[in-house]
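Colleague: Got a structure for you, questions after.
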Amino acid sequence: MKKLQITGLKSVIGLLLLEGALVVCWSSGFVGVRFAIDHAPVFLILLWRSLVSGLLLLPFALALGPRLRSKEIVAQAIIGALAMSGYLAGFAIAIDQGVSTGLVALIADMLPLAVAMLSIPILGDIVTRGQWFGFIVGFSGVVIASTSAFQLGNAPVWAYGMPILGMLSLALATLLQKRTIRLTMPIHQSLCIQCLSAAAIFAVFAWYEGSVLPVAEPRLAIGVIWLVVLATFGGYGLYYICLRKSSAARVSSVLYLSPPVTMLWAWTMFNEPMSWMMVIGLVVSLAGIVIASGAEGPEPCPENQTAEGAVSS
């Protein structure tokens with residue numbers, strides 16, 4: 001019994017560490033786009049972020065893991081189109097059009113509510129009252145933390161709908177990814193396919209925007225490296241690892257910490273003002289995550305749980 005308790009405690013601590021790293025890496029994506037967006041068109045940045053990520057993973061995807069099957073490739077390409085092309089384009093276009101970074105992060109991190117609502121019909125998950133309460137508390141923290149950044153600015157009206165569409169795109173991709181785990185594809189293979197799928201889509205828009213060739217600008221190169229290592233490998237990699245170890249509702253709820261942490265990034269790198277409201281919002285968001293996680297009901301256990309665990313371990 002004591003061994004089981006120790007094993008369970010280690011599992012909980014390991015998951016918490018993964019979730020903490022996920023928040024940091026996920027938040028870095030907003031900062032990386034802001035860093036690079038003054039030096040290149042938005043779709044060019046997203047193209048090279050996705051292309052470099054996919055090409056770096058390609059040798060490992062071909063050499064390590066099971067043989068890629070067409071059914072799995074198509075499934076992951078669709079998920080990549082939603083989780084990367086849809087989500088990244090949504091918030092990047094909004095930032096490029098002048099919507100404040102804080103407001104974009106706030107809208108993007110309505111993700112837990114969207115995932116919770118969609119997971120009922122798609123996954124058959126049971127979202128408890130305690131989880132709903134935790135989601136609301138966490139979202140309240142996001143609103144508190146984002147108060148000073150909640151400015152509409154001079155962006156066109158349509159730009160405010162872009163992060164909403166991006167958020168819904170990622171929510172749908174999250175649930176599809178959760179359902180396709182039964183395909184037992186290792187994360188480095190699925191992430192490679194998703195990145196290359198997104199790169200193909202971004203290439204069309206980058207070409208329409210002007211060119212697919214990178215701009216000779218050192219800060220753009222630094223921004224792309226930042227986005228590849230931290231935001232793609234770190235953010236998306238940890239996101240999918242956490243999805244294999246926990247429920248979609250819990251993983252998405254952890255991202256409530258993203259807007260406040262994004263502001264910490266911005267304060268550190270760009271000397272943006274930091275207020276007590278941001279700190280209070282961070283604490284409230286953390287409380288919401290604790291409430292939602294503690295109230296989490298049992299997740300449906302598929303027949304292939306053993307195979308899934310072997311892949312994700």
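Letters for chains follow the order of the structure tokens (A, B, ...), residue numbers begin at 1 for each chain, and ligand numbers begin at 1 in the order shown.
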Apply DSSP to the structure's backbone, then extract all residues of region 30-259 of chain A labelled alpha helix (DSSP H) and return them as JSON, numbers by chain.
Modeller: {"A": [30, 31, 32, 33, 34, 35, 36, 42, 43, 44, 45, 46, 47, 48, 49, 50, 51, 52, 53, 54, 55, 56, 57, 58, 59, 60, 61, 62, 63, 70, 71, 72, 73, 74, 75, 76, 77, 78, 79, 80, 87, 88, 89, 90, 91, 92, 93, 94, 95, 96, 101, 102, 103, 104, 105, 106, 107, 108, 111, 112, 113, 114, 115, 116, 117, 118, 119, 120, 121, 122, 123, 129, 130, 131, 132, 133, 134, 135, 136, 137, 138, 139, 140, 141, 142, 143, 144, 145, 162, 163, 164, 165, 166, 167, 168, 169, 170, 171, 172, 173, 174, 175, 176, 177, 178, 179, 187, 188, 189, 190, 191, 192, 193, 194, 195, 196, 197, 198, 199, 200, 201, 202, 203, 204, 205, 206, 207, 208, 209, 218, 219, 220, 221, 222, 223, 224, 225, 226, 237, 238, 239, 240, 241, 242, 243, 244, 245, 248, 249, 250, 251, 252, 253, 254, 258, 259]}
Colleague: Write a file of the just-selected residues containing C-alpha atoms, as a compact mmCIF listing (two decimals), in the first residue's frame.
Modeller:
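Just written: selection-v8.txt:
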# COMPACT_ATOMS: atom_id res chain seq x y z
CA PHE A 30 2.83 35.14 -27.65
CA VAL A 31 6.14 36.77 -26.74
CA GLY A 32 8.01 35.16 -29.65
CA VAL A 33 5.48 36.42 -32.18
CA ARG A 34 5.62 39.90 -30.71
CA PHE A 35 9.44 39.83 -30.85
CA ALA A 36 9.52 38.87 -34.53
CA VAL A 42 3.07 37.47 -39.88
CA PHE A 43 2.55 34.49 -42.21
CA LEU A 44 6.25 34.39 -43.08
CA ILE A 45 7.05 34.05 -39.38
CA LEU A 46 4.48 31.29 -38.93
CA LEU A 47 5.66 29.51 -42.09
CA TRP A 48 9.29 29.28 -40.98
CA ARG A 49 8.36 28.44 -37.41
CA SER A 50 6.35 25.45 -38.63
CA LEU A 51 8.69 24.42 -41.46
CA VAL A 52 11.88 24.45 -39.36
CA SER A 53 10.12 22.55 -36.56
CA GLY A 54 8.81 19.91 -38.95
CA LEU A 55 12.10 19.44 -40.79
CA LEU A 56 14.05 19.07 -37.54
CA LEU A 57 11.63 16.37 -36.40
CA LEU A 58 11.40 14.59 -39.76
CA PRO A 59 14.53 12.36 -39.45
CA PHE A 60 13.39 11.19 -36.01
CA ALA A 61 9.82 10.66 -37.23
CA LEU A 62 11.09 8.42 -40.06
CA ALA A 63 13.73 6.52 -38.07
CA SER A 70 -1.74 6.88 -44.27
CA LYS A 71 -4.72 6.90 -41.89
CA GLU A 72 -2.60 8.28 -39.07
CA ILE A 73 -0.87 10.82 -41.32
CA VAL A 74 -4.21 12.20 -42.54
CA ALA A 75 -5.58 12.38 -38.98
CA GLN A 76 -2.53 14.27 -37.69
CA ALA A 77 -2.49 16.59 -40.72
CA ILE A 78 -6.08 17.60 -39.95
CA ILE A 79 -5.22 18.16 -36.29
CA GLY A 80 -2.19 20.23 -37.36
CA TYR A 87 -4.82 28.75 -33.59
CA LEU A 88 -1.51 30.42 -34.46
CA ALA A 89 -2.96 32.40 -37.35
CA GLY A 90 -5.87 33.55 -35.19
CA PHE A 91 -3.84 35.22 -32.46
CA ALA A 92 -0.92 36.30 -34.69
CA ILE A 93 -3.18 38.13 -37.15
CA ALA A 94 -4.97 39.84 -34.26
CA ILE A 95 -1.66 41.07 -32.78
CA ASP A 96 -0.46 42.15 -36.23
CA THR A 101 -1.47 41.28 -26.59
CA GLY A 102 -3.24 41.06 -23.24
CA LEU A 103 -6.67 40.99 -24.85
CA VAL A 104 -5.54 38.36 -27.38
CA ALA A 105 -4.18 36.16 -24.58
CA LEU A 106 -7.39 36.63 -22.63
CA ILE A 107 -9.58 35.52 -25.53
CA ALA A 108 -7.28 32.66 -26.46
CA LEU A 111 -10.03 27.51 -24.24
CA PRO A 112 -10.99 25.52 -21.09
CA LEU A 113 -14.62 26.59 -21.36
CA ALA A 114 -14.75 25.64 -25.05
CA VAL A 115 -13.04 22.29 -24.40
CA ALA A 116 -15.35 21.51 -21.49
CA MET A 117 -18.45 22.22 -23.55
CA LEU A 118 -17.26 20.33 -26.63
CA SER A 119 -15.87 17.35 -24.69
CA ILE A 120 -19.36 16.35 -23.55
CA PRO A 121 -20.72 15.49 -27.03
CA ILE A 122 -17.36 14.56 -28.64
CA LEU A 123 -15.62 12.53 -25.91
CA ARG A 129 -20.04 21.27 -11.10
CA GLY A 130 -16.79 21.68 -9.22
CA GLN A 131 -14.88 21.77 -12.51
CA TRP A 132 -17.23 24.39 -13.94
CA PHE A 133 -16.73 26.47 -10.80
CA GLY A 134 -12.96 26.08 -11.12
CA PHE A 135 -13.08 27.14 -14.76
CA ILE A 136 -15.06 30.26 -13.85
CA VAL A 137 -12.67 31.14 -10.99
CA GLY A 138 -9.68 30.61 -13.28
CA PHE A 139 -11.19 32.77 -16.01
CA SER A 140 -11.93 35.47 -13.41
CA GLY A 141 -8.23 35.48 -12.58
CA VAL A 142 -7.42 35.97 -16.25
CA VAL A 143 -9.79 38.95 -16.41
CA ILE A 144 -8.27 40.48 -13.26
CA ALA A 145 -4.72 40.00 -14.50
CA MET A 162 -9.61 36.14 -35.07
CA PRO A 163 -8.43 34.95 -31.61
CA ILE A 164 -11.94 33.60 -30.96
CA LEU A 165 -11.77 31.51 -34.15
CA GLY A 166 -8.24 30.43 -33.25
CA MET A 167 -9.31 29.38 -29.77
CA LEU A 168 -12.23 27.33 -31.12
CA SER A 169 -9.91 25.73 -33.66
CA LEU A 170 -7.50 24.62 -30.92
CA ALA A 171 -10.37 23.36 -28.75
CA LEU A 172 -11.60 21.12 -31.57
CA ALA A 173 -8.05 19.93 -32.30
CA THR A 174 -7.55 19.12 -28.61
CA LEU A 175 -10.56 16.83 -28.55
CA LEU A 176 -9.66 15.21 -31.88
CA GLN A 177 -6.13 14.59 -30.57
CA LYS A 178 -7.59 13.01 -27.44
CA ARG A 179 -9.73 10.68 -29.57
CA ILE A 187 4.47 12.49 -30.04
CA HIS A 188 7.55 13.30 -32.13
CA GLN A 189 5.87 11.74 -35.18
CA SER A 190 2.50 13.42 -34.68
CA LEU A 191 4.12 16.80 -34.00
CA CYS A 192 6.27 16.48 -37.14
CA ILE A 193 3.23 15.81 -39.34
CA GLN A 194 1.28 18.64 -37.73
CA CYS A 195 4.13 21.13 -38.22
CA LEU A 196 4.61 20.22 -41.89
CA SER A 197 0.85 20.35 -42.45
CA ALA A 198 0.72 23.84 -40.93
CA ALA A 199 3.77 24.92 -42.95
CA ALA A 200 2.05 23.94 -46.20
CA ILE A 201 -0.97 26.05 -45.29
CA PHE A 202 1.10 29.02 -44.10
CA ALA A 203 3.20 28.87 -47.30
CA VAL A 204 0.12 29.64 -49.40
CA PHE A 205 -0.73 32.70 -47.29
CA ALA A 206 2.91 33.84 -47.07
CA TRP A 207 3.19 33.67 -50.87
CA TYR A 208 -0.02 35.67 -51.19
CA GLU A 209 1.35 38.12 -48.60
CA PRO A 218 18.92 38.64 -37.31
CA ARG A 219 16.03 39.37 -34.95
CA LEU A 220 13.71 37.37 -37.20
CA ALA A 221 16.10 34.40 -36.99
CA ILE A 222 16.20 34.73 -33.20
CA GLY A 223 12.41 34.94 -33.09
CA VAL A 224 12.00 31.82 -35.24
CA ILE A 225 14.48 29.86 -33.11
CA TRP A 226 12.61 31.02 -30.01
CA GLY A 237 5.09 18.86 -27.19
CA LEU A 238 4.21 19.29 -23.51
CA TYR A 239 0.57 19.97 -24.40
CA TYR A 240 0.23 16.60 -26.11
CA ILE A 241 2.22 14.80 -23.42
CA CYS A 242 -0.12 16.20 -20.77
CA LEU A 243 -3.14 15.21 -22.88
CA ARG A 244 -1.93 11.60 -22.75
CA LYS A 245 -1.57 11.72 -18.99
CA ALA A 248 -8.60 17.43 -21.97
CA ALA A 249 -10.52 19.63 -19.51
CA ARG A 250 -7.71 19.63 -16.93
CA VAL A 251 -4.92 20.26 -19.46
CA SER A 252 -6.75 23.17 -21.04
CA SER A 253 -7.59 24.63 -17.62
CA VAL A 254 -3.87 24.84 -16.81
CA SER A 258 -0.90 31.71 -19.70
CA PRO A 259 -2.03 35.39 -19.85
Colleague: Of the candidates A:Asn271, A:Ala155, A:Ile280, A:Gly235, which one gets nearest to Leu255 (chain A) if we count only C-alpha atoms?
Modeller: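 Nearest candidate to Leu255 (chain A) out of A:Asn271, A:Ala155, A:Ile280, A:Gly235: A:Gly235.
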Colleague: Between CA of Leu286 (chain A) and CA of Tyr256 (chain A), measure the distance and give it in Å to one decimal.
Modeller: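 The value is 7.9 Å.
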